[in-house]
Amino acid sequence: MDQGAAALWAAGIGVGGVVITAGMGWYAARKAAAAQMKAAQETAAAQVEAALAGVREQISGQHAAALWQVRREAYATYLGQIQAVHMGILHLTSLCMVAIDQLGGIPGEAPDLIEPRQQLLERFTDLYFRESALHLAVDEEEAEQAEALRRLAGEAVEDVRDLIEAIYTDHNVGPPQDRAEASRQALKVGIKEWAANARQKLRMAD
């Protein structure tokens, strides 16, 4: 091989080496860039998922808080209405006692029992609507407890009504007076127990 051919051969090898080296560098750079892009995508995906998880948690917390508030309002409304019924029973019973005293000869103005009885019946009717609203916010067990309490209230209302009938008719007030007292006390205890259970449920859900 003469010197010219050798020079061309050497130049060719040199150029080829540069091309090969350049090609390997480009491949390595492309591979590194792809790895960086993949890592960036994974990081971005992780950040998005973390953000979505935070949003979901916040929405879940807001939903739970909203449900707690709805339940609390339903409890308060129902309890307020059954307390109104209880107070109406107490008021009507006190008027009955005045009427009974007059039957026994104690002088005084005869109390009006008809209008307070009608007001009590209206309060008890409203209790049905409050119970229906409560059923939308509580579980089956709590709904049954509310229904049982409403039945106690109904018995107390009926017993004081029977007492009024006895005052106006045969004046044999002893038995209906005893029944009215027993049902009124049962309602008082029932309200206390129901309210305590409602408070416990709210604390557990808080």
# chains A, B, ... in the order shown; residues from 1 in each chain; ligands from 1
>>> residues_around(residues="Leu90 in chain A", least_positions_apart="3", cutoff="12 Å", atoms="only C-alpha atoms", output="ChimeraX atom specification")
/A:83-87,93-97,116-117,120,153,156-157,160,180-181,183-185,187-188
>>> closest_atom_pairs(of="range 99-193 of chain A", to="range 66-74 of chain A", cutoff="9 Å", atoms="only C-alpha atoms", output="CSV")
residue,atom,partner,partner_atom,distance
A:Arg130,CA,A:Ala74,CA,7.8
A:Glu131,CA,A:Ala74,CA,8.6
A:Ala133,CA,A:Ala74,CA,6.8
A:Leu134,CA,A:Ala74,CA,5.1
A:His135,CA,A:Ala74,CA,8.6
A:Leu136,CA,A:Ala74,CA,8.7
A:Ala137,CA,A:Arg71,CA,5.2
A:Val138,CA,A:Arg71,CA,6.6
>>> write_last_selection(atoms="all heavy atoms", output="compact mmCIF listing (two decimals), in the first residue's frame")
# COMPACT_ATOMS: atom_id res chain seq x y z
N ARG A 130 -92.31 15.22 61.51
CA ARG A 130 -90.92 15.27 61.97
C ARG A 130 -90.30 13.88 61.96
O ARG A 130 -89.13 13.71 61.62
CB ARG A 130 -90.85 15.87 63.38
CG ARG A 130 -91.42 17.26 63.51
CD ARG A 130 -90.62 18.28 62.72
NE ARG A 130 -91.14 19.61 62.87
CZ ARG A 130 -91.97 20.20 62.02
NH1 ARG A 130 -92.37 19.54 60.94
NH2 ARG A 130 -92.41 21.42 62.22
N GLU A 131 -91.10 12.89 62.30
CA GLU A 131 -90.59 11.51 62.30
C GLU A 131 -90.29 11.06 60.87
O GLU A 131 -89.29 10.40 60.61
CB GLU A 131 -91.61 10.58 62.93
CG GLU A 131 -91.14 9.13 63.01
CD GLU A 131 -92.18 8.20 63.60
OE1 GLU A 131 -93.13 8.69 64.24
OE2 GLU A 131 -92.06 6.98 63.38
N ALA A 133 -89.36 12.94 58.38
CA ALA A 133 -88.12 13.60 57.97
C ALA A 133 -86.92 12.93 58.63
O ALA A 133 -85.86 12.78 58.01
CB ALA A 133 -88.18 15.08 58.33
N LEU A 134 -87.08 12.51 59.88
CA LEU A 134 -85.99 11.85 60.60
C LEU A 134 -85.60 10.54 59.93
O LEU A 134 -84.41 10.21 59.84
CB LEU A 134 -86.41 11.59 62.05
CG LEU A 134 -85.36 10.91 62.94
CD1 LEU A 134 -84.21 11.87 63.22
CD2 LEU A 134 -85.99 10.44 64.25
N HIS A 135 -86.59 9.82 59.40
CA HIS A 135 -86.32 8.53 58.76
C HIS A 135 -85.40 8.67 57.56
O HIS A 135 -84.69 7.72 57.21
CB HIS A 135 -87.64 7.88 58.31
CG HIS A 135 -88.41 7.30 59.45
ND1 HIS A 135 -89.52 6.49 59.27
CD2 HIS A 135 -88.25 7.39 60.79
CE1 HIS A 135 -89.99 6.12 60.44
NE2 HIS A 135 -89.24 6.66 61.38
N LEU A 136 -85.38 9.84 56.94
CA LEU A 136 -84.51 10.06 55.79
C LEU A 136 -83.06 10.27 56.18
O LEU A 136 -82.17 10.20 55.32
CB LEU A 136 -85.01 11.30 55.01
CG LEU A 136 -86.42 11.21 54.43
CD1 LEU A 136 -86.80 12.53 53.78
CD2 LEU A 136 -86.54 10.06 53.44
N ALA A 137 -82.81 10.54 57.46
CA ALA A 137 -81.46 10.91 57.89
C ALA A 137 -80.80 9.88 58.81
O ALA A 137 -79.62 10.03 59.13
CB ALA A 137 -81.49 12.27 58.60
N VAL A 138 -81.54 8.85 59.23
CA VAL A 138 -80.98 7.91 60.20
C VAL A 138 -81.11 6.49 59.66
O VAL A 138 -81.77 6.24 58.65
CB VAL A 138 -81.69 8.03 61.57
CG1 VAL A 138 -81.53 9.43 62.12
CG2 VAL A 138 -83.19 7.68 61.43
>>> atom_distance(atom1="CA of Leu79 in chain A", atom2="CA of Val189 in chain A")
13.3 Å
>>> closest_residue(among="A:Asn172, A:Gln177, A:Gln145, A:Thr77", to="Glu158 in chain A", atoms="only C-alpha atoms")
A:Gln177
>>> atom_distance(atom1="CA of Leu152 in chain A", atom2="CA of Gly190 in chain A")
7.6 Å
>>> atom_distance(atom1="CA of Ala76 in chain A", atom2="CA of Ala195 in chain A")
9.2 Å
